[in-house]
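> Provided below: query_4.pdb, containing PDB, C-alpha atoms.
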```
ATOM      1  CA  MET X   1     372.524 250.453 187.993
ATOM      2  CA  ALA X   2     370.132 253.337 188.413
ATOM      3  CA  PRO X   3     367.763 254.127 185.558
ATOM      4  CA  ALA X   4     368.757 257.094 183.448
ATOM      5  CA  ILE X   5     366.916 260.293 184.104
ATOM      6  CA  GLU X   6     365.567 261.929 181.008
ATOM      7  CA  GLY X   7     367.867 264.683 179.906
ATOM      8  CA  MET X   8     370.557 263.822 182.416
ATOM      9  CA  VAL X   9     373.572 261.644 181.964
ATOM     10  CA  PRO X  10     375.242 260.131 185.011
ATOM     11  CA  ALA X  11     378.561 261.916 185.240
ATOM     12  CA  ILE X  12     380.550 259.007 186.566
ATOM     13  CA  GLU X  13     380.400 255.312 187.158
ATOM     14  CA  SER X  14     381.038 255.564 190.817
ATOM     15  CA  SER X  15     382.824 252.968 192.805
ATOM     16  CA  GLU X  16     383.333 255.524 195.516
ATOM     17  CA  GLY X  17     380.092 254.891 197.282
ATOM     18  CA  ASN X  18     376.763 256.598 197.104
ATOM     19  CA  ASN X  19     375.456 259.893 198.271
ATOM     20  CA  LYS X  20     371.680 260.333 198.505
ATOM     21  CA  MET X  21     370.447 256.778 198.403
ATOM     22  CA  ASN X  22     366.954 257.385 197.106
ATOM     23  CA  LYS X  23     367.887 259.088 193.883
ATOM     24  CA  GLY X  24     367.857 257.564 190.453
ATOM     25  CA  TYR X  25     371.132 259.309 189.732
ATOM     26  CA  GLN X  26     374.179 258.116 191.626
ATOM     27  CA  TYR X  27     375.952 261.026 193.156
ATOM     28  CA  PRO X  28     379.526 260.533 194.246
ATOM     29  CA  SER X  29     381.034 260.732 197.671
ATOM     30  CA  TRP X  30     384.548 261.861 198.139
ATOM     31  CA  LYS X  31     387.684 260.770 199.978
ATOM     32  CA  LYS X  32     388.230 264.268 201.301
ATOM     33  CA  LYS X  33     385.613 266.370 202.981
ATOM     34  CA  LEU X  34     384.909 268.916 200.274
ATOM     35  CA  ARG X  35     383.716 272.337 201.323
ATOM     36  CA  GLY X  36     382.057 274.885 199.112
ATOM     37  CA  LEU X  37     380.953 278.494 199.197
ATOM     38  CA  VAL X  38     378.264 280.112 197.088
ATOM     39  CA  VAL X  39     378.308 283.898 196.765
ATOM     40  CA  ASP X  40     375.073 285.062 195.145
ATOM     41  CA  ASN X  41     372.767 287.959 195.911
ATOM     42  CA  GLU X  42     369.622 286.108 194.794
ATOM     43  CA  GLU X  43     368.060 283.928 197.480
ATOM     44  CA  LEU X  44     366.642 281.506 194.958
ATOM     45  CA  CYS X  45     370.003 281.071 193.277
ATOM     46  CA  ARG X  46     371.699 280.535 196.626
ATOM     47  CA  ILE X  47     369.215 277.849 197.606
ATOM     48  CA  VAL X  48     369.466 276.008 194.311
ATOM     49  CA  GLU X  49     373.242 276.285 193.922
ATOM     50  CA  LYS X  50     373.817 275.234 197.497
ATOM     51  CA  GLY X  51     371.471 272.304 196.956
ATOM     52  CA  ILE X  52     373.232 271.164 193.820
ATOM     53  CA  MET X  53     376.659 271.426 195.410
ATOM     54  CA  GLY X  54     375.271 269.414 198.316
ATOM     55  CA  LEU X  55     373.936 266.752 195.972
ATOM     56  CA  CYS X  56     377.426 266.482 194.561
ATOM     57  CA  GLY X  57     378.811 265.798 198.016
ATOM     58  CA  VAL X  58     380.109 269.259 198.873
ATOM     59  CA  GLU X  59     379.307 270.689 202.280
ATOM     60  CA  THR X  60     378.278 274.175 201.206
ATOM     61  CA  GLN X  61     377.645 277.563 202.734
ATOM     62  CA  ALA X  62     375.963 280.393 200.904
ATOM     63  CA  VAL X  63     376.319 284.135 201.401
ATOM     64  CA  GLU X  64     374.722 287.152 199.766
ATOM     65  CA  THR X  65     377.624 289.488 199.225
ATOM     66  CA  GLY X  66     381.325 289.626 198.483
ATOM     67  CA  GLU X  67     381.834 291.310 201.836
ATOM     68  CA  ALA X  68     380.172 288.433 203.665
ATOM     69  CA  ALA X  69     382.366 285.985 201.781
ATOM     70  CA  MET X  70     385.491 287.911 202.763
ATOM     71  CA  GLU X  71     384.381 287.962 206.392
ATOM     72  CA  LEU X  72     384.025 284.188 206.377
ATOM     73  CA  ILE X  73     387.447 283.762 204.875
ATOM     74  CA  ALA X  74     389.016 286.283 207.229
ATOM     75  CA  SER X  75     387.555 284.326 210.127
ATOM     76  CA  GLY X  76     389.508 281.308 208.980
ATOM     77  CA  ALA X  77     386.966 279.354 206.948
ATOM     78  CA  THR X  78     388.487 277.418 204.084
ATOM     79  CA  PHE X  79     386.813 276.090 201.002
ATOM     80  CA  ASP X  80     387.741 273.749 198.212
ATOM     81  CA  ILE X  81     385.431 275.393 195.732
ATOM     82  CA  ILE X  82     383.892 278.857 195.595
ATOM     83  CA  VAL X  83     381.290 280.002 193.097
ATOM     84  CA  ILE X  84     380.733 283.716 192.699
ATOM     85  CA  ASP X  85     377.936 285.405 190.787
ATOM     86  CA  ARG X  86     378.838 288.178 188.375
ATOM     87  CA  PHE X  87     376.500 290.735 189.897
ATOM     88  CA  LEU X  88     376.896 291.378 193.584
ATOM     89  CA  PRO X  89     375.480 294.501 195.202
ATOM     90  CA  SER X  90     378.590 296.427 196.281
ATOM     91  CA  MET X  91     381.839 294.473 195.910
ATOM     92  CA  THR X  92     381.444 292.917 192.464
ATOM     93  CA  GLY X  93     382.046 289.269 191.600
ATOM     94  CA  PRO X  94     385.457 289.900 190.062
ATOM     95  CA  GLU X  95     386.472 292.207 192.920
ATOM     96  CA  THR X  96     385.529 289.508 195.386
ATOM     97  CA  ALA X  97     387.573 286.938 193.506
ATOM     98  CA  ARG X  98     390.548 289.300 193.383
ATOM     99  CA  LYS X  99     390.395 290.001 197.112
ATOM    100  CA  MET X 100     390.229 286.289 197.812
ATOM    101  CA  ARG X 101     393.356 285.648 195.772
ATOM    102  CA  GLU X 102     395.066 288.564 197.466
ATOM    103  CA  MET X 103     394.261 286.965 200.800
ATOM    104  CA  GLY X 104     395.957 283.804 199.641
ATOM    105  CA  VAL X 105     392.843 281.777 198.901
ATOM    106  CA  GLU X 106     393.881 278.890 196.691
ATOM    107  CA  SER X 107     390.464 277.318 196.310
ATOM    108  CA  LYS X 108     388.936 276.604 192.946
ATOM    109  CA  ILE X 109     387.041 279.797 192.167
ATOM    110  CA  ILE X 110     384.328 279.783 189.516
ATOM    111  CA  GLY X 111     382.720 282.944 188.200
ATOM    112  CA  LEU X 112     379.045 282.407 187.383
ATOM    113  CA  PHE X 113     376.828 284.482 185.130
ATOM    114  CA  ALA X 114     373.247 284.380 183.935
ATOM    115  CA  LEU X 115     373.601 286.825 181.079
ATOM    116  CA  TYR X 116     376.792 287.291 179.134
ATOM    117  CA  PHE X 117     378.320 290.732 178.974
ATOM    118  CA  GLU X 118     381.463 291.490 177.008
ATOM    119  CA  GLY X 119     384.427 291.962 179.226
ATOM    120  CA  ASP X 120     382.989 289.937 182.088
ATOM    121  CA  GLU X 121     385.043 286.864 181.379
ATOM    122  CA  GLU X 122     388.234 288.874 181.008
ATOM    123  CA  GLU X 123     387.520 290.714 184.224
ATOM    124  CA  PHE X 124     386.889 287.518 186.138
ATOM    125  CA  VAL X 125     389.917 285.788 184.689
ATOM    126  CA  ALA X 126     392.134 288.779 185.434
ATOM    127  CA  ALA X 127     390.849 288.601 188.994
ATOM    128  CA  GLY X 128     392.134 285.057 189.235
ATOM    129  CA  VAL X 129     389.170 282.726 188.791
ATOM    130  CA  ASP X 130     389.761 279.233 187.480
ATOM    131  CA  ASP X 131     386.700 279.139 185.323
ATOM    132  CA  PHE X 132     383.800 281.214 184.106
ATOM    133  CA  LYS X 133     380.499 279.460 183.663
ATOM    134  CA  GLU X 134     376.985 280.212 182.578
ATOM    135  CA  LYS X 135     374.276 279.218 185.060
ATOM    136  CA  PRO X 136     372.886 276.796 185.937
ATOM    137  CA  LEU X 137     375.462 274.953 187.938
ATOM    138  CA  SER X 138     375.046 271.330 186.927
ATOM    139  CA  PRO X 139     376.363 268.080 188.413
ATOM    140  CA  ASN X 140     377.636 266.981 184.994
ATOM    141  CA  TRP X 141     379.896 269.999 184.951
ATOM    142  CA  LEU X 142     380.722 270.048 188.632
ATOM    143  CA  VAL X 143     381.539 266.416 189.339
ATOM    144  CA  PRO X 144     384.687 266.162 187.171
ATOM    145  CA  ILE X 145     386.012 269.310 188.830
ATOM    146  CA  LEU X 146     385.313 267.882 192.258
ATOM    147  CA  ARG X 147     386.996 264.633 191.318
ATOM    148  CA  GLU X 148     390.135 266.594 190.492
ATOM    149  CA  LEU X 149     389.950 268.375 193.819
ATOM    150  CA  ASP X 150     389.496 265.080 195.596
ATOM    151  CA  ASN X 151     392.714 263.631 194.199
TER     152      ASN X 151
ATOM    153  CA  MET M   1     339.870 259.172 190.780
ATOM    154  CA  GLU M   2     341.665 255.870 191.112
ATOM    155  CA  ARG M   3     345.205 256.047 192.450
ATOM    156  CA  ASN M   4     346.951 254.850 189.301
ATOM    157  CA  GLN M   5     344.945 257.192 187.133
ATOM    158  CA  MET M   6     345.900 260.188 189.289
ATOM    159  CA  HIS M   7     349.494 259.125 189.170
ATOM    160  CA  ARG M   8     349.357 258.809 185.421
ATOM    161  CA  GLN M   9     347.693 262.180 185.031
ATOM    162  CA  VAL M  10     350.383 263.894 187.119
ATOM    163  CA  SER M  11     353.068 262.123 185.139
ATOM    164  CA  VAL M  12     351.544 263.210 181.846
ATOM    165  CA  MET M  13     351.236 266.807 183.037
ATOM    166  CA  ARG M  14     354.850 266.814 184.094
ATOM    167  CA  GLN M  15     356.073 265.304 180.849
ATOM    168  CA  SER M  16     354.148 267.774 178.731
ATOM    169  CA  LEU M  17     355.850 270.673 180.505
ATOM    170  CA  PHE M  18     359.144 269.338 179.165
ATOM    171  CA  ASP M  19     357.831 268.276 175.771
ATOM    172  CA  GLN M  20     356.265 271.658 175.152
ATOM    173  CA  GLY M  21     359.479 273.420 176.097
ATOM    174  CA  TYR M  22     358.279 275.186 179.217
ATOM    175  CA  LEU M  23     360.829 273.496 181.446
ATOM    176  CA  ASP M  24     364.357 272.235 180.932
ATOM    177  CA  GLU M  25     366.651 269.771 182.762
ATOM    178  CA  GLN M  26     367.189 272.217 185.578
ATOM    179  CA  PHE M  27     363.714 271.384 186.834
ATOM    180  CA  ILE M  28     364.823 267.771 187.103
ATOM    181  CA  GLN M  29     367.727 268.977 189.260
ATOM    182  CA  LEU M  30     365.223 270.571 191.599
ATOM    183  CA  GLU M  31     363.315 267.304 191.766
ATOM    184  CA  GLU M  32     366.581 265.606 192.686
ATOM    185  CA  LEU M  33     366.829 267.949 195.645
ATOM    186  CA  GLN M  34     363.451 266.812 196.901
ATOM    187  CA  ASP M  35     363.365 264.049 199.477
ATOM    188  CA  ASP M  36     361.583 262.986 202.624
ATOM    189  CA  ALA M  37     363.190 265.806 204.578
ATOM    190  CA  ASN M  38     362.149 268.334 201.912
ATOM    191  CA  PRO M  39     359.077 266.788 200.289
ATOM    192  CA  ASN M  40     357.836 270.006 198.716
ATOM    193  CA  PHE M  41     361.152 271.513 197.781
ATOM    194  CA  VAL M  42     360.261 272.079 194.148
ATOM    195  CA  GLU M  43     356.981 273.763 194.918
ATOM    196  CA  GLU M  44     358.656 275.922 197.566
ATOM    197  CA  VAL M  45     361.395 276.995 195.206
ATOM    198  CA  VAL M  46     358.903 277.776 192.457
ATOM    199  CA  THR M  47     356.809 279.770 194.919
ATOM    200  CA  LEU M  48     359.896 281.733 195.899
ATOM    201  CA  TYR M  49     360.645 282.357 192.244
ATOM    202  CA  TYR M  50     357.213 283.819 191.596
ATOM    203  CA  ARG M  51     357.301 285.878 194.762
ATOM    204  CA  ASP M  52     360.718 287.425 194.160
ATOM    205  CA  SER M  53     360.312 287.784 190.415
ATOM    206  CA  SER M  54     357.084 289.712 190.735
ATOM    207  CA  ARG M  55     359.003 292.532 192.408
ATOM    208  CA  LEU M  56     361.702 292.380 189.812
ATOM    209  CA  ILE M  57     359.164 292.487 187.011
ATOM    210  CA  LEU M  58     357.631 295.583 188.531
ATOM    211  CA  SER M  59     361.056 297.226 188.633
ATOM    212  CA  ILE M  60     361.707 296.342 185.016
ATOM    213  CA  ASP M  61     358.296 297.644 183.971
ATOM    214  CA  GLN M  62     359.011 300.921 185.739
ATOM    215  CA  ALA M  63     362.485 301.134 184.261
ATOM    216  CA  LEU M  64     361.012 300.610 180.776
ATOM    217  CA  GLU M  65     358.804 303.650 181.290
ATOM    218  CA  ARG M  66     361.717 305.997 181.828
ATOM    219  CA  ASN M  67     362.869 308.292 179.130
ATOM    220  CA  PRO M  68     365.633 307.869 178.146
ATOM    221  CA  LEU M  69     366.010 304.211 179.027
ATOM    222  CA  ASP M  70     368.821 303.250 181.363
ATOM    223  CA  PHE M  71     370.104 300.167 179.565
ATOM    224  CA  ASN M  72     372.681 299.402 182.234
ATOM    225  CA  LYS M  73     370.004 299.219 184.870
ATOM    226  CA  LEU M  74     367.804 297.124 182.605
ATOM    227  CA  ASP M  75     370.714 294.766 182.017
ATOM    228  CA  THR M  76     371.257 294.344 185.738
ATOM    229  CA  TYR M  77     367.598 293.627 186.414
ATOM    230  CA  MET M  78     367.457 291.215 183.534
ATOM    231  CA  HIS M  79     370.534 289.406 184.769
ATOM    232  CA  GLN M  80     368.738 288.773 188.044
ATOM    233  CA  PHE M  81     365.568 287.719 186.274
ATOM    234  CA  LYS M  82     367.381 285.377 183.972
ATOM    235  CA  GLY M  83     369.397 283.956 186.880
ATOM    236  CA  SER M  84     366.258 283.100 188.808
ATOM    237  CA  SER M  85     364.442 281.776 185.766
ATOM    238  CA  THR M  86     367.439 279.613 184.976
ATOM    239  CA  SER M  87     367.484 278.248 188.500
ATOM    240  CA  ILE M  88     364.032 276.758 188.151
ATOM    241  CA  GLY M  89     364.408 275.663 184.548
ATOM    242  CA  ALA M  90     361.938 278.158 183.084
ATOM    243  CA  LYS M  91     363.070 277.561 179.524
ATOM    244  CA  LYS M  92     360.874 279.952 177.559
ATOM    245  CA  VAL M  93     361.271 282.773 180.060
ATOM    246  CA  LYS M  94     365.053 282.305 179.882
ATOM    247  CA  ALA M  95     364.957 282.552 176.099
ATOM    248  CA  GLU M  96     363.124 285.870 176.270
ATOM    249  CA  CYS M  97     365.648 287.185 178.775
ATOM    250  CA  THR M  98     368.471 286.322 176.412
ATOM    251  CA  GLN M  99     366.642 288.079 173.588
ATOM    252  CA  PHE M 100     366.118 291.108 175.805
ATOM    253  CA  ARG M 101     369.863 291.321 176.386
ATOM    254  CA  GLU M 102     370.438 291.431 172.639
ATOM    255  CA  TYR M 103     368.163 294.440 172.324
ATOM    256  CA  CYS M 104     369.715 296.130 175.336
ATOM    257  CA  LYS M 105     373.150 295.665 173.832
ATOM    258  CA  VAL M 106     372.229 297.712 170.808
ATOM    259  CA  GLY M 107     370.080 300.168 172.702
ATOM    260  CA  ASN M 108     366.865 299.067 171.037
ATOM    261  CA  GLY M 109     364.208 300.193 173.515
ATOM    262  CA  GLU M 110     361.279 299.028 171.394
ATOM    263  CA  GLY M 111     362.770 295.589 171.112
ATOM    264  CA  CYS M 112     363.332 295.490 174.859
ATOM    265  CA  MET M 113     359.726 296.388 175.561
ATOM    266  CA  ARG M 114     358.308 293.886 173.088
ATOM    267  CA  THR M 115     360.517 291.117 174.388
ATOM    268  CA  PHE M 116     359.670 291.884 177.962
ATOM    269  CA  GLN M 117     355.957 291.658 177.203
ATOM    270  CA  GLN M 118     356.623 288.235 175.771
ATOM    271  CA  ALA M 119     358.718 287.273 178.784
ATOM    272  CA  LYS M 120     355.884 288.219 181.107
ATOM    273  CA  LYS M 121     353.459 286.205 179.022
ATOM    274  CA  GLU M 122     355.627 283.095 179.221
ATOM    275  CA  TYR M 123     356.184 283.688 182.912
ATOM    276  CA  THR M 124     352.433 283.792 183.544
ATOM    277  CA  ILE M 125     351.662 280.771 181.385
ATOM    278  CA  LEU M 126     354.302 278.754 183.216
ATOM    279  CA  LYS M 127     352.930 279.872 186.546
ATOM    280  CA  ARG M 128     349.460 278.599 185.668
ATOM    281  CA  LYS M 129     350.788 275.307 184.392
ATOM    282  CA  LEU M 130     352.982 274.745 187.422
ATOM    283  CA  GLU M 131     350.168 275.625 189.797
ATOM    284  CA  ALA M 132     347.957 273.075 188.079
ATOM    285  CA  TYR M 133     350.716 270.496 188.221
ATOM    286  CA  PHE M 134     351.444 271.015 191.916
ATOM    287  CA  GLN M 135     347.768 270.939 192.714
ATOM    288  CA  ALA M 136     347.298 267.657 190.873
ATOM    289  CA  ARG M 137     350.350 266.277 192.639
ATOM    290  CA  GLN M 138     349.117 267.264 196.068
ATOM    291  CA  SER M 139     345.571 266.139 195.560
ATOM    292  CA  GLY M 140     346.710 262.650 194.688
ATOM    293  CA  PRO M 141     347.162 260.060 197.437
ATOM    294  CA  SER M 142     349.963 261.023 199.793
ATOM    295  CA  GLU M 143     353.203 259.863 198.288
ATOM    296  CA  THR M 144     356.845 260.332 198.929
ATOM    297  CA  ALA M 145     357.848 263.440 197.171
ATOM    298  CA  CYS M 146     360.249 261.851 194.728
ATOM    299  CA  ARG M 147     359.622 262.679 191.140
ATOM    300  CA  PRO M 148     357.144 260.319 189.456
ATOM    301  CA  ARG M 149     358.921 257.388 187.906
ATOM    302  CA  ASN M 150     358.252 256.937 184.211
TER     303      ASN M 150
END
```
Please express the file's structure as structure tokens.

Amino acid sequence: MAPAIEGMVPAIESSEGNNKMNKGYQYPSWKKKLRGLVVDNEELCRIVEKGIMGLCGVETQAVETGEAAMELIASGATFDIIVIDRFLPSMTGPETARKMREMGVESKIIGLFALYFEGDEEEFVAAGVDDFKEKPLSPNWLVPILRELDN
Amino acid sequence: MERNQMHRQVSVMRQSLFDQGYLDEQFIQLEELQDDANPNFVEEVVTLYYRDSSRLILSIDQALERNPLDFNKLDTYMHQFKGSSTSIGAKKVKAECTQFREYCKVGNGEGCMRTFQQAKKEYTILKRKLEAYFQARQSGPSETACRPRN
């Protein structure tokens, strides 16, 4: 079994096969092909979140704005999991989530925030997200959710 | 310097960044994203952080000079700054951002300014330490880019 990484606990004992062979941490692979979307205005956040989703076995796209996300969805793209940052430049995070639900998107939608503001969680939840999480997006948190989606 | 010694030195530098609270587990996540296809991923991401944050810091500095302060704007900037700092595991910078939010919430401009000075200090200290770390890492014998094994 892989050595433990300081500060990180392997999320699962995986019998599902390995993703990323060279890593000390065993990332899962899934029965289904899981697809993800990151909606974040910060390039750095997009890169890191996309990377982490990828490590967890999710084929992920990243866009800068709510509008871009809606365009993707309108063009027929489907996702199993969508993470949306609280602050987007024009269409806000909650607005984006709401529009997605209105369009019939049934994916797991997670609202992400870096700083907590009162009312944010309520707004996101009212818009139809499944969860509201403080950054960073971590495999320990993500993997159980993905396992559910995979079943 | 002998190969093992260099290795050890890099390892010690890295460990002290965690032990002294400059970095948190998120940095380890970044290291996990590094592989043969992206051997310098961590350094690239950190470079991006310092590039983008410098503009943000300028904006916050300017916003803190306004009178009266626009706390909503400050909050938005700080959300971005905290988001980026979180993404690279900049633990002390993150803590200052959280503190800043507390002052913003109650409209305490003085507190915001003081905290932001501290945030910039931590930001700069981390930058120096990371630069030294990456330099030591690069100047060692060419290795695969996986994080040093302890």
> Using all atoms listed in the file, collect all residues at a distance of at most 10 Å from (389.2, 262.2, 200.5) as written in the file, then present them as a list in words.
Ser29, Trp30, Lys31, Lys32, Lys33, Leu34, Arg147, Leu149, Asp150 and Asn151 of chain X
> Range 48-61 of chain M, all listed atoms, 4 Å padding on each side: what axis-aligned box centre and edge lengths in Å to one decimal come out, as AutoDock Vina command-line options?

```
--center_x 359.4 --center_y 289.7 --center_z 189.9 --size_x 12.6 --size_y 23.9 --size_z 19.9
```
> Would you mind listing what lies within 9 Å of Asn72 in chain M as a list in words, with only C-alpha atoms counted and same-chain residues fewer than 4 positions away left out?
Thr76, Tyr77 and Cys104 of chain M
> Please, what distance in Å, to one decimal, runs between CA of Ile28 in chain M and CA of Gly89 in chain M?
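Distance between the two atoms: 8.3 Å.
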> Taking all atoms listed in the file into account and nothing else, which residues of chain M lie no more than 7 Å away from chain X? Please answer as a PDB file with C-alpha atoms, in the frame of the given file.

```pdb
ATOM      1  CA  GLU M  25     366.651 269.771 182.762  1.00  0.00           C
ATOM      2  CA  GLU M  32     366.581 265.606 192.686  1.00  0.00           C
ATOM      3  CA  LEU M  33     366.829 267.949 195.645  1.00  0.00           C
ATOM      4  CA  VAL M  45     361.395 276.995 195.206  1.00  0.00           C
ATOM      5  CA  LEU M  48     359.896 281.733 195.899  1.00  0.00           C
ATOM      6  CA  TYR M  49     360.645 282.357 192.244  1.00  0.00           C
ATOM      7  CA  HIS M  79     370.534 289.406 184.769  1.00  0.00           C
ATOM      8  CA  LYS M  82     367.381 285.377 183.972  1.00  0.00           C
ATOM      9  CA  GLY M  83     369.397 283.956 186.880  1.00  0.00           C
ATOM     10  CA  SER M  84     366.258 283.100 188.808  1.00  0.00           C
ATOM     11  CA  THR M  86     367.439 279.613 184.976  1.00  0.00           C
ATOM     12  CA  SER M  87     367.484 278.248 188.500  1.00  0.00           C
ATOM     13  CA  THR M  98     368.471 286.322 176.412  1.00  0.00           C
TER      14      THR M  98
END
```
> Evaluate the PyMOL selection byres ((chain X and resi 91) around 12) here and jot the selected residues down as JSON, numbers by chain.
{"X": [39, 40, 41, 64, 65, 66, 67, 68, 69, 70, 84, 85, 86, 87, 88, 89, 90, 92, 93, 94, 95, 96, 97, 98, 99, 100]}
> Show me as a ChimeraX atom specification the residues that reach within 7 Å of (363.4, 294.0, 183.1), counting all atoms listed in the file and using the file's own coordinates.
/M:57,59-61,74,77-78,116
> Can you list, as a list in words, the residues that the PyMOL selection byres ((chain M and resi 71) around 12) selects here?
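Those residues are Ile60, Ala63, Leu64, Glu65, Arg66, Asn67, Pro68, Leu69, Asp70, Asn72, Lys73, Leu74, Asp75, Thr76, Tyr77, Met78, His79, Phe100, Arg101, Glu102, Tyr103, Cys104, Lys105, Val106, Gly107, Asn108, Gly109, Cys112 and Met113 of chain M.
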> For Leu30 in chain M, which residue out of M:Asp52, M:Val10, M:Ile88, M:Phe81 is the nearest one, using only C-alpha atoms?
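Among M:Asp52, M:Val10, M:Ile88, M:Phe81, it is M:Ile88 that comes nearest to Leu30 in chain M.
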> Mind completing range 105-112 of chain X with all heavy atoms? Output as a tab-separated table (two decimals), in the frame of the given file, please?

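Just written: out31.tsv:
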```tsv
chain	number	residue	atom	x	y	z
X	105	VAL	N	393.78	282.88	199.10
X	105	VAL	CA	392.84	281.78	198.90
X	105	VAL	C	393.24	281.00	197.65
X	105	VAL	O	393.38	281.58	196.57
X	105	VAL	CB	391.41	282.32	198.75
X	105	VAL	CG1	390.46	281.22	198.28
X	105	VAL	CG2	390.92	282.93	200.05
X	106	GLU	N	393.44	279.71	197.82
X	106	GLU	CA	393.88	278.89	196.69
X	106	GLU	C	392.79	277.97	196.18
X	106	GLU	O	393.04	277.13	195.33
X	106	GLU	CB	395.10	278.06	197.12
X	106	GLU	CG	396.33	278.92	197.34
X	106	GLU	CD	397.53	278.12	197.83
X	106	GLU	OE1	397.34	276.97	198.27
X	106	GLU	OE2	398.64	278.66	197.77
X	107	SER	N	391.59	278.16	196.72
X	107	SER	CA	390.46	277.32	196.31
X	107	SER	C	390.20	277.45	194.82
X	107	SER	O	390.63	278.42	194.19
X	107	SER	CB	389.19	277.75	197.03
X	107	SER	OG	389.46	278.13	198.35
X	108	LYS	N	389.46	276.49	194.30
X	108	LYS	CA	388.94	276.60	192.95
X	108	LYS	C	387.88	277.71	193.00
X	108	LYS	O	386.95	277.62	193.78
X	108	LYS	CB	388.27	275.28	192.57
X	108	LYS	CG	388.06	275.10	191.10
X	108	LYS	CD	389.24	274.39	190.51
X	108	LYS	CE	389.05	273.99	189.07
X	108	LYS	NZ	390.29	273.54	188.46
X	109	ILE	N	388.03	278.73	192.19
X	109	ILE	CA	387.04	279.80	192.17
X	109	ILE	C	386.40	279.82	190.78
X	109	ILE	O	387.09	279.88	189.76
X	109	ILE	CB	387.65	281.18	192.49
X	109	ILE	CG1	388.36	281.16	193.83
X	109	ILE	CG2	386.55	282.25	192.50
X	109	ILE	CD1	388.94	282.50	194.26
X	110	ILE	N	385.07	279.77	190.78
X	110	ILE	CA	384.33	279.78	189.52
X	110	ILE	C	383.47	281.04	189.46
X	110	ILE	O	382.71	281.31	190.39
X	110	ILE	CB	383.37	278.58	189.42
X	110	ILE	CG1	384.02	277.29	189.91
X	110	ILE	CG2	382.78	278.45	188.03
X	110	ILE	CD1	384.98	276.67	188.96
X	111	GLY	N	383.61	281.80	188.41
X	111	GLY	CA	382.72	282.94	188.20
X	111	GLY	C	381.47	282.47	187.48
X	111	GLY	O	381.56	281.74	186.50
X	112	LEU	N	380.30	282.84	188.01
X	112	LEU	CA	379.04	282.41	187.38
X	112	LEU	C	378.29	283.60	186.80
X	112	LEU	O	378.29	284.67	187.39
X	112	LEU	CB	378.11	281.77	188.43
X	112	LEU	CG	378.37	280.37	188.93
X	112	LEU	CD1	377.20	279.95	189.81
X	112	LEU	CD2	378.54	279.39	187.78
```
